[in-house]
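**Student:** Shown below is the structure under consideration.
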Amino acid sequence: MGRELKVSVFRYNPNEPKVKPRVQEYHVEEIDGMTVFQVLTYIRERLDPSLLFDFVCRAAICGSCAMLINGKPKLACKTQTSLLPNKIQLMPLPVFKLIGDLSVDTGSWFRMMSEKVGGWVNTKKEFDKNALEEKMSNDLAQEIYELDRCIECGCCIAGCTTMSLKPNFIGAAGILRVARFYTDPRDERNEKDFYDILGTEEGMFGCMSLLACDDFCPKEIPLMSQLATFRRKMVLASLK
């Protein structure tokens, strides 16, 4: 027999405001290779079908199952219970709108952020469906890919102290999105255009450099180096 896991789960449904937020405890027997996602699935299928949490891919690609696991933003499908104590506390991600229990609305926030920073290739060229794909070097393609690996799970946003102080801050995910298109030669915005997005308290200069975002990124994107690089670029742009 495996360990008995004591799982404390935040419970609250905004559609039932008369029922106050609470923490509910469940007992689950641990099995080899068990993840927090499997724990939640067991609870919902065997113990409490009313439990709300999100998942799609179960392979650390979609980012849907992000939550606070013992106080730290993590992906439930990637977190092995063997690496945790037998007492596990599960809470929804802060910052984002609560849907219910462990389910939050990250999609609306990321859409707002994308619209705010212009998260697409900005060009005045008319699209030609018959044209050949524009070539770029492998090194440049790899650099763009590295900036484009964000799965929009919200872990960096939830772990960011600045977000709790400045609700309009675009966070590491927003800065990384801008960096991706700054690097892409197909984007026709100039340095001033990017400075107008990042050179504010809501952008690069709002970051307090605590770098929790770098600590909690489940895809291990080098956020620390990217933030440092673009802070320097924005400082230089401000001097021109």
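Residue numbering restarts at 1 for every chain of the structure tokens, chains are lettered A, B, ... in their displayed order, and ligands are numbered from 1 as they appear.
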With a distance cut-off of 10 Å and only C-alpha atoms, select the neighbouring residues of Asp214 in chain A, excluding the residue or stretch itself and same-chain residues fewer than 4 positions from it, and output the selection as a PyMOL selection string.
**Tutor:** chain A and resi 155-156+159-160+172+210+218-227
**Student:** Please provide the set of residues having any atom within 12 Å of Leu239 in chain A, restricted to only C-alpha atoms, with same-chain residues fewer than 6 positions apart removed, written as a JSON list (two decimals) with C-alpha atoms, in the first residue's frame.
**Tutor:**
[["chain", "number", "residue", "atom", "x", "y", "z"],
["A", 191, "GLU", "CA", 11.74, 50.49, -31.60],
["A", 192, "LYS", "CA", 9.55, 53.43, -30.56],
["A", 195, "TYR", "CA", 8.92, 51.24, -26.26],
["A", 199, "GLY", "CA", 8.52, 51.52, -21.50],
["A", 232, "ARG", "CA", 18.38, 47.13, -21.25],
["A", 233, "LYS", "CA", 16.84, 47.58, -24.70]]
**Student:** As number ranges by chain, please: every residue in range 18-236 of chain A that a backbone DSSP assignment puts in alpha helix (DSSP H).
**Tutor:** A: 36-42, 106-117, 138-147, 155-158, 161-165, 171-183, 191-198, 212-216, 223-236
**Student:** So, with only C-alpha atoms as the atoms that count, which of A:Pro17, A:Gly206, A:Gly100, A:Gly154 lies closest to Cys65 in chain A?
**Tutor:**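 Once distances to Cys65 in chain A are computed over only C-alpha atoms, the minimum belongs to A:Gly154.
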**Student:** Neighbouring residues of Pro185 in chain A were defined as those with any atom within 12 Å, considering only C-alpha atoms; residues of the same chain fewer than 2 positions away were excluded. Please report them as a ChimeraX atom specification.
**Tutor:** /A:121-123,134-137,140-141,143-144,179-183,187-190
**Student:** Could you list, as a ChimeraX atom specification, every residue within 7 Å of Lys74 in chain A, counting only C-alpha atoms and ignoring same-chain residues fewer than 2 positions away?
**Tutor:** /A:66-69,72,76,155,216,218
**Student:** Please identify which residues in range 11-230 of chain A DSSP calls strand (DSSP E) from the backbone, and express them as a ChimeraX atom specification.
**Tutor:** /A:11,22-29,66-69,72-75,87-91,97-100,103-105
**Student:** For the residues in that selection, give me N, CA and C atoms as a compact mmCIF listing (two decimals), in the first residue's frame.
**Tutor:**
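As a result, part.txt now contains:
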# COMPACT_ATOMS: atom_id res chain seq x y z
N ARG A 11 -12.77 25.16 -1.79
CA ARG A 11 -14.09 24.98 -2.40
C ARG A 11 -14.88 26.29 -2.32
N ARG A 22 -14.56 27.57 1.64
CA ARG A 22 -14.14 26.63 2.67
C ARG A 22 -13.02 25.75 2.12
N VAL A 23 -12.41 24.99 2.99
CA VAL A 23 -11.41 24.00 2.59
C VAL A 23 -11.96 22.63 2.95
N GLN A 24 -11.95 21.74 1.98
CA GLN A 24 -12.48 20.40 2.20
C GLN A 24 -11.35 19.38 2.10
N GLU A 25 -11.32 18.45 3.00
CA GLU A 25 -10.23 17.46 3.03
C GLU A 25 -10.69 16.12 2.48
N TYR A 26 -9.84 15.54 1.67
CA TYR A 26 -10.08 14.21 1.09
C TYR A 26 -8.89 13.31 1.41
N HIS A 27 -9.15 12.02 1.47
CA HIS A 27 -8.08 11.04 1.73
C HIS A 27 -7.95 10.14 0.51
N VAL A 28 -6.74 10.07 -0.03
CA VAL A 28 -6.49 9.31 -1.26
C VAL A 28 -5.26 8.45 -1.06
N GLU A 29 -5.34 7.18 -1.47
CA GLU A 29 -4.17 6.32 -1.39
C GLU A 29 -3.26 6.57 -2.58
N ALA A 66 -3.11 24.52 -14.15
CA ALA A 66 -2.28 25.28 -13.21
C ALA A 66 -3.08 25.63 -11.97
N MET A 67 -2.44 25.53 -10.81
CA MET A 67 -3.07 25.86 -9.53
C MET A 67 -1.98 26.02 -8.49
N LEU A 68 -2.34 26.50 -7.31
CA LEU A 68 -1.37 26.58 -6.22
C LEU A 68 -1.30 25.23 -5.53
N ILE A 69 -0.14 24.62 -5.58
CA ILE A 69 0.07 23.32 -4.93
C ILE A 69 1.03 23.57 -3.76
N LYS A 72 2.54 27.05 -4.13
CA LYS A 72 3.36 27.41 -5.28
C LYS A 72 2.61 27.13 -6.58
N PRO A 73 2.67 28.04 -7.56
CA PRO A 73 2.00 27.80 -8.85
C PRO A 73 2.67 26.66 -9.60
N LYS A 74 1.90 25.64 -9.92
CA LYS A 74 2.43 24.48 -10.62
C LYS A 74 1.34 23.90 -11.53
N LEU A 75 1.75 23.02 -12.44
CA LEU A 75 0.80 22.26 -13.25
C LEU A 75 0.48 20.96 -12.53
N LYS A 87 0.63 15.67 3.15
CA LYS A 87 -0.41 16.68 3.27
C LYS A 87 -0.27 17.66 2.10
N ILE A 88 -1.29 17.69 1.26
CA ILE A 88 -1.25 18.50 0.05
C ILE A 88 -2.39 19.52 0.10
N GLN A 89 -2.04 20.78 -0.10
CA GLN A 89 -3.04 21.84 -0.12
C GLN A 89 -3.17 22.37 -1.55
N LEU A 90 -4.40 22.43 -2.05
CA LEU A 90 -4.65 22.87 -3.42
C LEU A 90 -5.56 24.09 -3.39
N MET A 91 -5.09 25.17 -4.03
CA MET A 91 -5.83 26.42 -4.09
C MET A 91 -5.85 26.91 -5.54
N LYS A 97 -9.84 35.57 -12.55
CA LYS A 97 -11.23 35.45 -12.09
C LYS A 97 -11.55 34.00 -11.73
N LEU A 98 -12.13 33.81 -10.57
CA LEU A 98 -12.48 32.46 -10.11
C LEU A 98 -13.77 31.99 -10.78
N ILE A 99 -13.72 30.81 -11.37
CA ILE A 99 -14.91 30.18 -11.94
C ILE A 99 -15.58 29.32 -10.88
N GLY A 100 -14.77 28.57 -10.15
CA GLY A 100 -15.29 27.73 -9.09
C GLY A 100 -14.23 26.75 -8.61
N SER A 103 -10.88 26.10 -10.48
CA SER A 103 -10.98 26.54 -11.88
C SER A 103 -10.99 28.07 -11.96
N VAL A 104 -10.07 28.63 -12.77
CA VAL A 104 -10.01 30.07 -12.96
C VAL A 104 -10.02 30.40 -14.45
N ASP A 105 -10.36 31.64 -14.75
CA ASP A 105 -10.45 32.09 -16.15
C ASP A 105 -9.14 32.78 -16.55
**Student:** When you count only C-alpha atoms, which of these residues is closest to Lys20 in chain A: A:Gly33, A:Pro92, A:Met113, A:Asp101?
**Tutor:**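 Among the listed residues, A:Asp101 lies closest to Lys20 in chain A.
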**Student:** Distance CA of Asn86 in chain A-CA of Leu5 in chain A, one decimal place?
**Tutor:** 4.7 Å
**Student:** Which residues are near Val178 in chain A? Cut-off 9 Å, only C-alpha atoms, ignore same chain within fewer than 3 positions. Put them as a list in words.
**Tutor:**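 My reading of the contact set: Val117, Gly118, Gly119, Ala173, Gly174, Ile175, Phe181, Tyr182, Thr183, Phe194, Ile197 and Leu198 of chain A.
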**Student:** Using only C-alpha atoms, can you tell me which of A:Cys217, A:Ile43, A:Leu211, A:Ala237 comes closest to Cys150 in chain A?
**Tutor:**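 The closest residue to Cys150 in chain A is A:Cys217.
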**Student:** Name the closest residue to Arg186 in chain A among the candidates A:Phe230, A:Met204, A:Thr35, A:Lys124; distances are taken between atoms, counting only C-alpha atoms.
**Tutor:**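 Closest candidate: A:Lys124.
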**Student:** Distance CA of Asp139 in chain A-CA of Asp184 in chain A, one decimal place?
**Tutor:**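 So the answer is 11.9 Å.
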**Student:** Using only C-alpha atoms, can you tell me which of A:Ser209, A:Thr162, A:Ser50, A:Ser108 comes closest to Asn13 in chain A?
**Tutor:**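 Closest to Asn13 in chain A of all the choices is A:Ser50.
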**Student:** Between CA of Lys78 in chain A and CA of Ala60 in chain A, what distance in Å does the model show, to one decimal?
**Tutor:** 6.1 Å
**Student:** For Asp32 in chain A, please output as a PDB file with N, CA and C atoms, in the first residue's frame all residues within 10 Å (counting only C-alpha atoms; exclusion window: fewer than 6 positions along the same chain).
**Tutor:**
ATOM      1  N   MET A   1       0.833  -1.207   0.000  1.00  0.00           N
ATOM      2  CA  MET A   1       0.000   0.000   0.000  1.00  0.00           C
ATOM      3  C   MET A   1       0.863   1.251   0.000  1.00  0.00           C
ATOM      4  N   GLY A   2       0.397   2.286  -0.705  1.00  0.00           N
ATOM      5  CA  GLY A   2       1.111   3.551  -0.731  1.00  0.00           C
ATOM      6  C   GLY A   2       0.721   4.424   0.439  1.00  0.00           C
ATOM      7  N   GLN A  80       4.424  15.424  -9.461  1.00  0.00           N
ATOM      8  CA  GLN A  80       4.354  14.079  -8.888  1.00  0.00           C
ATOM      9  C   GLN A  80       4.095  14.174  -7.383  1.00  0.00           C
ATOM     10  N   THR A  81       3.158  13.373  -6.901  1.00  0.00           N
ATOM     11  CA  THR A  81       2.865  13.387  -5.463  1.00  0.00           C
ATOM     12  C   THR A  81       4.043  12.869  -4.640  1.00  0.00           C
ATOM     13  N   SER A  82       4.884  12.043  -5.252  1.00  0.00           N
ATOM     14  CA  SER A  82       6.037  11.491  -4.531  1.00  0.00           C
ATOM     15  C   SER A  82       7.019  12.585  -4.116  1.00  0.00           C
TER      16      SER A  82
END
**Student:** Smallest atom-to-atom distance to Ala212 in chain A: which of A:Ile151, A:Ile157, A:Val7, A:Val39, using only C-alpha atoms?
**Tutor:**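 Nearest candidate to Ala212 in chain A out of A:Ile151, A:Ile157, A:Val7, A:Val39: A:Ile157.
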